[in-house]
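Below you'll find the structure, written out as structure tokens, and then a few comments.
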Amino acid sequence: MPYEAVIGMEVHAQLITESKMFCHCSSAYASAPPNSHTCPVCLGMPGMLPLANRRAVEATVMMGLALHCAIPLFSKFDRKNYMYPDLPKGYQISQYDMPFARNGSITVPLEQGIKTIRIRRVHLEEDTAKLTHQGGYTLIDFNRSGVPLIEIVTESDIRTAEEAWRYLVALRSILRYLGIGSGNMEEGAMRCEVNISLRPVGREELGTKVEVKNMNSFRAVRQAIAYEIERQTRLLEQGERVEQVTMGWDEANHRTVFQRSKEGAEDYRYFPEPDLPPIIWTEADIDAIRARLPELPDAKLKRLIEQYALKADDAYLLADERATADYFEVAAQACAGVVEAQTVANWLLSELLRLMRESGQELSANPVTAGCLAELLKIVSRGEINATVAKEVLAEMVSSGKSAPEIIQTRGLKQISDADQLRQMVEQVIAANGQAAQQYRDGKDQALRFLIGQVMRQTRGQANVSIVESLLRELLAR
Amino acid sequence: MKLDRDQVLHIAELAKLGLSAEEADRFTVQLSAILEYFELLDQLDTGAIPPTAMAIDQHNVLRKDSAGASLPVETVLQAPRTIGQFIAVKAVLD
């Protein structure tokens, strides 16, 4: 019997702020020595009062708006009570029944078209201390305690590992566009929990839900879901039951492993946080926050395709990062009327971004500005250098910071288009490769490719190929 | 409202308190009495009063996002047990 997976996701994303959620300790926890960014508030000392960070609150509303959520005019914080050393207060300040945003949606591109995933809610809470287990002890670093954290919960609209992965990529892209989060899973700035159940295709009611945690990369999420779907399918096909449990992803062995049973499930005894007054918005407040939203990835994607006639796949790659899209647009506009936008996209995506990866540089911080790339591409379009040479020039632009004309000048890379000069070389090549010349005359067209290659080699790639080709045809026809 | 012994044991578990059998019995009686006392409040007609999360009339109390000084690490490390610059507790496993 074919089964269908029903998947819902809870994503936690740290917000980029200077200070923590409820106190003025620095939120730069990762780079600091253990327990150096703490105070009585984030250590949970009795009698200390939290004061909410405006930037974090507004960032949560921005995220809600970007996810097409409704923003309730009234919301509040609540206490989620549990006993664990990562939270010395004995509770986490979170939001329960009145989150900052609810009922939204996000679109993700799939091979079979665009899919909409509904967002149930976006709420704001505080991150917990970082625990490491060592021998018989648990070591606590409170630097992360109180860092602002948003939680984004989907409806159970996701059906495959691929969709889950696309969803995370889209979410990260929005966080970065808004400038409110890095979405970096490897660094723990974005974490996710996945609920998976299986049901026979066509059935409405849901199967038993299994929660999967502990995935530290986008790839791990995709692998863990695929594995879990397979595991549950196997159980069901053997006529066994799926237990309601929490599984953890075991990165080393590429499988999910049992963590704990869900029996005696959480009992968090939420109640309104008495130390934090509610947040009440006016429509004008929300409009003011909405006005700060940049063009978002889905709108940008659509516009790139329409305005620049780009291939959809390329536009998708460009739109993923705001900096990449901005770079492309500046370069494409500088090239307008001279070089096609698609050509600019090709160079950016396949050449420049590769060079960025190889040299470990950020596109926005590298010496080759969008204007520099445009200058190079215009030189190519005028036929002064060919594409092969241009790739070398670009690599040197990245490593040396010099401009394209400077490199072409000093290295004498200008394309040779002088017919007389080329005619001489072509004659030499024909004389030196009598066999290939004969093969061409006998009708073997590949021989021509070989002879062109010889000329290019002698000129270190600088000969104008189309002139070389017509000269060869002319001289060999004699 | 009467609490039963299992509920008391559940609450103790959530609070990470170990209760002896005698304590469980005693607290079942005492906590029930406290809850019953609070039930007096049910006699009030609150139908016309909207639910409230906050007794004082304040809202949107927010601070500017700027970082200030934290406690000196030596102060933080006055915890009963430390290892290196970490605070240490007996191993807990999630």
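Chains: A, B, ... in order of the structure tokens. Residues: from 1 per chain. Ligands: from 1, in order shown.
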
Identify all chain A residues at most 7 Å from chain B by counting only C-alpha atoms; ligands do not count. Present them as a PyMOL selection string. chain A and resi 17-19+24-26+34-39+51-55+83+133+136-141+272+274+277-280

Need the shell around range 328-342 of chain A: protein/DNA/RNA residues with any atom at most 6 Å away, counting only C-alpha atoms. Skip same-chain ones fewer than 6 positions apart. Format as JSON, numbers by chain? {"A": [308, 310, 370, 371, 374]}

Could you pull out the helix (DSSP H, G or I) residues of range 327-449 of chain A from DSSP and send them as a count of residues only? 90

With only C-alpha atoms as the counted atoms, please give the residues lying no more than 12 Å from range 160-163 of chain A, apart from itself and same-chain residues fewer than 3 positions off, as a PyMOL selection string. chain A and resi 3-9+106-117+156-157+166-170+194-198+218-230

Can you list, as a PDB file with C-alpha atoms, in the first residue's frame, every residue of range 26-272 of chain A that DSSP puts in strand (DSSP E)?
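Below is the file that was written, result-v3.pdb:
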```pdb
ATOM      1  CA  ALA A  52      11.793  43.448  26.242  1.00  0.00           C
ATOM      2  CA  ASN A  53      14.088  44.375  23.352  1.00  0.00           C
ATOM      3  CA  PHE A  74      -2.878  42.469  21.090  1.00  0.00           C
ATOM      4  CA  SER A  75      -0.192  40.010  22.101  1.00  0.00           C
ATOM      5  CA  ASP A  78       3.878  33.788  28.754  1.00  0.00           C
ATOM      6  CA  ARG A  79       5.908  31.578  31.036  1.00  0.00           C
ATOM      7  CA  LYS A  80       6.609  28.058  29.881  1.00  0.00           C
ATOM      8  CA  ASN A  81       7.533  26.181  33.030  1.00  0.00           C
ATOM      9  CA  TYR A  91      10.671  28.785  33.046  1.00  0.00           C
ATOM     10  CA  GLN A  92      11.268  30.179  29.600  1.00  0.00           C
ATOM     11  CA  ILE A  93       9.653  33.448  28.595  1.00  0.00           C
ATOM     12  CA  SER A  94       7.785  32.587  25.427  1.00  0.00           C
ATOM     13  CA  ALA A 101       1.904  36.660  14.099  1.00  0.00           C
ATOM     14  CA  ARG A 102      -0.400  33.896  12.886  1.00  0.00           C
ATOM     15  CA  ASN A 103      -2.011  32.345   9.798  1.00  0.00           C
ATOM     16  CA  GLY A 104       0.503  33.081   7.081  1.00  0.00           C
ATOM     17  CA  SER A 105       2.057  31.263   4.158  1.00  0.00           C
ATOM     18  CA  ILE A 106       5.271  30.839   2.224  1.00  0.00           C
ATOM     19  CA  THR A 107       5.858  29.614  -1.327  1.00  0.00           C
ATOM     20  CA  VAL A 108       8.585  27.212  -2.363  1.00  0.00           C
ATOM     21  CA  PRO A 109       9.632  26.261  -5.886  1.00  0.00           C
ATOM     22  CA  LEU A 110       9.369  22.572  -6.765  1.00  0.00           C
ATOM     23  CA  GLY A 113       5.533  24.088  -9.759  1.00  0.00           C
ATOM     24  CA  ILE A 114       5.167  26.504  -6.867  1.00  0.00           C
ATOM     25  CA  LYS A 115       3.888  25.054  -3.593  1.00  0.00           C
ATOM     26  CA  THR A 116       2.307  27.051  -0.789  1.00  0.00           C
ATOM     27  CA  ILE A 117       2.995  25.983   2.780  1.00  0.00           C
ATOM     28  CA  ARG A 118       0.782  27.512   5.450  1.00  0.00           C
ATOM     29  CA  ILE A 119       2.410  29.106   8.477  1.00  0.00           C
ATOM     30  CA  ARG A 120       0.515  28.590  11.722  1.00  0.00           C
ATOM     31  CA  ARG A 121       2.334  31.122  13.870  1.00  0.00           C
ATOM     32  CA  VAL A 122       5.479  33.124  14.538  1.00  0.00           C
ATOM     33  CA  HIS A 123       6.335  33.878  18.135  1.00  0.00           C
ATOM     34  CA  LEU A 124       9.187  35.347  20.129  1.00  0.00           C
ATOM     35  CA  GLU A 125      11.000  33.746  23.055  1.00  0.00           C
ATOM     36  CA  GLU A 126      14.406  33.565  24.706  1.00  0.00           C
ATOM     37  CA  LYS A 130      24.307  25.983  26.155  1.00  0.00           C
ATOM     38  CA  LEU A 131      24.938  22.667  27.866  1.00  0.00           C
ATOM     39  CA  THR A 132      27.786  20.286  27.250  1.00  0.00           C
ATOM     40  CA  HIS A 133      27.976  16.927  28.924  1.00  0.00           C
ATOM     41  CA  GLN A 134      31.343  15.873  30.224  1.00  0.00           C
ATOM     42  CA  TYR A 137      28.830  16.642  34.886  1.00  0.00           C
ATOM     43  CA  THR A 138      26.831  18.966  32.743  1.00  0.00           C
ATOM     44  CA  LEU A 139      28.672  22.186  31.972  1.00  0.00           C
ATOM     45  CA  ILE A 140      26.651  25.352  31.559  1.00  0.00           C
ATOM     46  CA  ASP A 141      27.492  28.462  29.539  1.00  0.00           C
ATOM     47  CA  PRO A 148      16.195  36.458  21.182  1.00  0.00           C
ATOM     48  CA  LEU A 149      14.758  33.500  19.331  1.00  0.00           C
ATOM     49  CA  ILE A 150      11.770  33.325  17.028  1.00  0.00           C
ATOM     50  CA  GLU A 151       9.801  30.164  16.460  1.00  0.00           C
ATOM     51  CA  ILE A 152       8.057  29.610  13.153  1.00  0.00           C
ATOM     52  CA  VAL A 153       5.527  26.796  12.997  1.00  0.00           C
ATOM     53  CA  THR A 154       4.044  25.419   9.785  1.00  0.00           C
ATOM     54  CA  MET A 190      18.661  28.132  13.048  1.00  0.00           C
ATOM     55  CA  ARG A 191      17.390  24.824  14.402  1.00  0.00           C
ATOM     56  CA  CYS A 192      14.457  22.699  13.432  1.00  0.00           C
ATOM     57  CA  GLU A 193      12.206  19.991  14.702  1.00  0.00           C
ATOM     58  CA  VAL A 194      10.178  17.917  12.328  1.00  0.00           C
ATOM     59  CA  ASN A 195       6.936  16.037  12.971  1.00  0.00           C
ATOM     60  CA  ILE A 196       6.365  13.152  10.606  1.00  0.00           C
ATOM     61  CA  SER A 197       3.470  10.759  10.310  1.00  0.00           C
ATOM     62  CA  LEU A 198       2.472   8.420   7.531  1.00  0.00           C
ATOM     63  CA  ARG A 199      -0.960   7.594   6.180  1.00  0.00           C
ATOM     64  CA  PRO A 200      -2.201   5.529   3.272  1.00  0.00           C
ATOM     65  CA  VAL A 210       7.114  11.006  15.391  1.00  0.00           C
ATOM     66  CA  GLU A 211       9.248  14.013  16.257  1.00  0.00           C
ATOM     67  CA  VAL A 212      12.769  14.237  14.816  1.00  0.00           C
ATOM     68  CA  LYS A 213      15.402  16.539  16.295  1.00  0.00           C
ATOM     69  CA  VAL A 245       8.382   8.968  20.190  1.00  0.00           C
ATOM     70  CA  THR A 246      11.099  11.544  19.766  1.00  0.00           C
ATOM     71  CA  MET A 247      13.926  10.457  17.501  1.00  0.00           C
ATOM     72  CA  GLY A 248      17.318  12.122  17.098  1.00  0.00           C
ATOM     73  CA  TRP A 249      19.341  12.292  13.903  1.00  0.00           C
ATOM     74  CA  ASP A 250      22.593  10.381  14.207  1.00  0.00           C
ATOM     75  CA  ARG A 255      19.948   7.216  10.779  1.00  0.00           C
ATOM     76  CA  THR A 256      17.412   8.358  13.314  1.00  0.00           C
ATOM     77  CA  VAL A 257      17.714   6.887  16.797  1.00  0.00           C
ATOM     78  CA  PHE A 258      15.227   6.642  19.626  1.00  0.00           C
ATOM     79  CA  GLN A 259      15.551   9.489  22.145  1.00  0.00           C
ATOM     80  CA  ARG A 260      12.547   9.301  24.392  1.00  0.00           C
ATOM     81  CA  SER A 261       8.978   8.234  24.629  1.00  0.00           C
ATOM     82  CA  PHE A 271       0.561  31.340  32.248  1.00  0.00           C
ATOM     83  CA  PRO A 272       0.834  35.032  31.339  1.00  0.00           C
TER      84      PRO A 272
END
```

Surrounding residues of Ala12 in chain B excluding itself and chain neighbours under 4 positions, 12 Å, only C-alpha atoms, as a list in words: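 The neighbour list is Met83 of chain A; Arg5, Asp6, Gln7, Val8, Lys16, Leu17, Gly18, Leu19, Ser20, Glu23, Ala24, Phe27, Thr28 and Leu31 of chain B.
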
Serialized selection, N, CA, C and O atoms, as a PDB file, in the first residue's frame:
```
ATOM      1  N   MET A  83      11.777  22.371  34.377  1.00  0.00           N
ATOM      2  CA  MET A  83      12.981  22.336  35.202  1.00  0.00           C
ATOM      3  C   MET A  83      14.119  21.731  34.405  1.00  0.00           C
ATOM      4  O   MET A  83      14.074  20.541  34.074  1.00  0.00           O
TER       5      MET A  83
ATOM      6  N   ARG B   5      -3.823  11.878  45.120  1.00  0.00           N
ATOM      7  CA  ARG B   5      -2.421  11.633  45.422  1.00  0.00           C
ATOM      8  C   ARG B   5      -1.560  11.597  44.145  1.00  0.00           C
ATOM      9  O   ARG B   5      -0.446  12.119  44.119  1.00  0.00           O
ATOM     10  N   ASP B   6      -2.111  11.027  43.057  1.00  0.00           N
ATOM     11  CA  ASP B   6      -1.357  10.944  41.806  1.00  0.00           C
ATOM     12  C   ASP B   6      -1.056  12.331  41.245  1.00  0.00           C
ATOM     13  O   ASP B   6       0.028  12.570  40.711  1.00  0.00           O
ATOM     14  N   GLN B   7      -2.026  13.224  41.379  1.00  0.00           N
ATOM     15  CA  GLN B   7      -1.798  14.590  40.895  1.00  0.00           C
ATOM     16  C   GLN B   7      -0.680  15.266  41.701  1.00  0.00           C
ATOM     17  O   GLN B   7       0.151  15.978  41.155  1.00  0.00           O
ATOM     18  N   VAL B   8      -0.679  15.026  42.983  1.00  0.00           N
ATOM     19  CA  VAL B   8       0.359  15.607  43.836  1.00  0.00           C
ATOM     20  C   VAL B   8       1.737  15.049  43.437  1.00  0.00           C
ATOM     21  O   VAL B   8       2.717  15.788  43.328  1.00  0.00           O
ATOM     22  N   LYS B  16      10.584  18.569  40.313  1.00  0.00           N
ATOM     23  CA  LYS B  16      11.770  17.783  40.670  1.00  0.00           C
ATOM     24  C   LYS B  16      11.926  17.651  42.183  1.00  0.00           C
ATOM     25  O   LYS B  16      13.010  17.831  42.736  1.00  0.00           O
ATOM     26  N   LEU B  17      10.806  17.389  42.872  1.00  0.00           N
ATOM     27  CA  LEU B  17      10.837  17.191  44.321  1.00  0.00           C
ATOM     28  C   LEU B  17      10.592  15.720  44.623  1.00  0.00           C
ATOM     29  O   LEU B  17       9.671  15.122  44.066  1.00  0.00           O
ATOM     30  N   GLY B  18      11.397  15.152  45.478  1.00  0.00           N
ATOM     31  CA  GLY B  18      11.150  13.785  45.902  1.00  0.00           C
ATOM     32  C   GLY B  18      10.302  13.810  47.182  1.00  0.00           C
ATOM     33  O   GLY B  18      10.676  14.462  48.151  1.00  0.00           O
ATOM     34  N   LEU B  19       9.151  13.162  47.153  1.00  0.00           N
ATOM     35  CA  LEU B  19       8.283  13.154  48.336  1.00  0.00           C
ATOM     36  C   LEU B  19       8.249  11.752  48.938  1.00  0.00           C
ATOM     37  O   LEU B  19       8.184  10.763  48.221  1.00  0.00           O
ATOM     38  N   SER B  20       8.285  11.698  50.269  1.00  0.00           N
ATOM     39  CA  SER B  20       8.067  10.409  50.936  1.00  0.00           C
ATOM     40  C   SER B  20       6.573  10.100  50.873  1.00  0.00           C
ATOM     41  O   SER B  20       5.751  10.984  50.575  1.00  0.00           O
ATOM     42  N   GLU B  23       4.712  12.330  53.170  1.00  0.00           N
ATOM     43  CA  GLU B  23       4.604  13.705  52.654  1.00  0.00           C
ATOM     44  C   GLU B  23       3.554  13.797  51.553  1.00  0.00           C
ATOM     45  O   GLU B  23       2.777  14.751  51.503  1.00  0.00           O
ATOM     46  N   ALA B  24       3.537  12.808  50.679  1.00  0.00           N
ATOM     47  CA  ALA B  24       2.556  12.819  49.589  1.00  0.00           C
ATOM     48  C   ALA B  24       1.145  12.867  50.156  1.00  0.00           C
ATOM     49  O   ALA B  24       0.287  13.626  49.698  1.00  0.00           O
ATOM     50  N   PHE B  27       0.593  16.399  51.828  1.00  0.00           N
ATOM     51  CA  PHE B  27       0.432  17.503  50.872  1.00  0.00           C
ATOM     52  C   PHE B  27      -0.859  17.364  50.062  1.00  0.00           C
ATOM     53  O   PHE B  27      -1.418  18.354  49.615  1.00  0.00           O
ATOM     54  N   THR B  28      -1.328  16.144  49.881  1.00  0.00           N
ATOM     55  CA  THR B  28      -2.591  15.974  49.168  1.00  0.00           C
ATOM     56  C   THR B  28      -3.704  16.675  49.942  1.00  0.00           C
ATOM     57  O   THR B  28      -4.513  17.414  49.367  1.00  0.00           O
ATOM     58  N   LEU B  31      -2.772  20.731  49.994  1.00  0.00           N
ATOM     59  CA  LEU B  31      -2.954  21.428  48.709  1.00  0.00           C
ATOM     60  C   LEU B  31      -4.433  21.474  48.341  1.00  0.00           C
ATOM     61  O   LEU B  31      -4.909  22.458  47.775  1.00  0.00           O
TER      62      LEU B  31
END
```
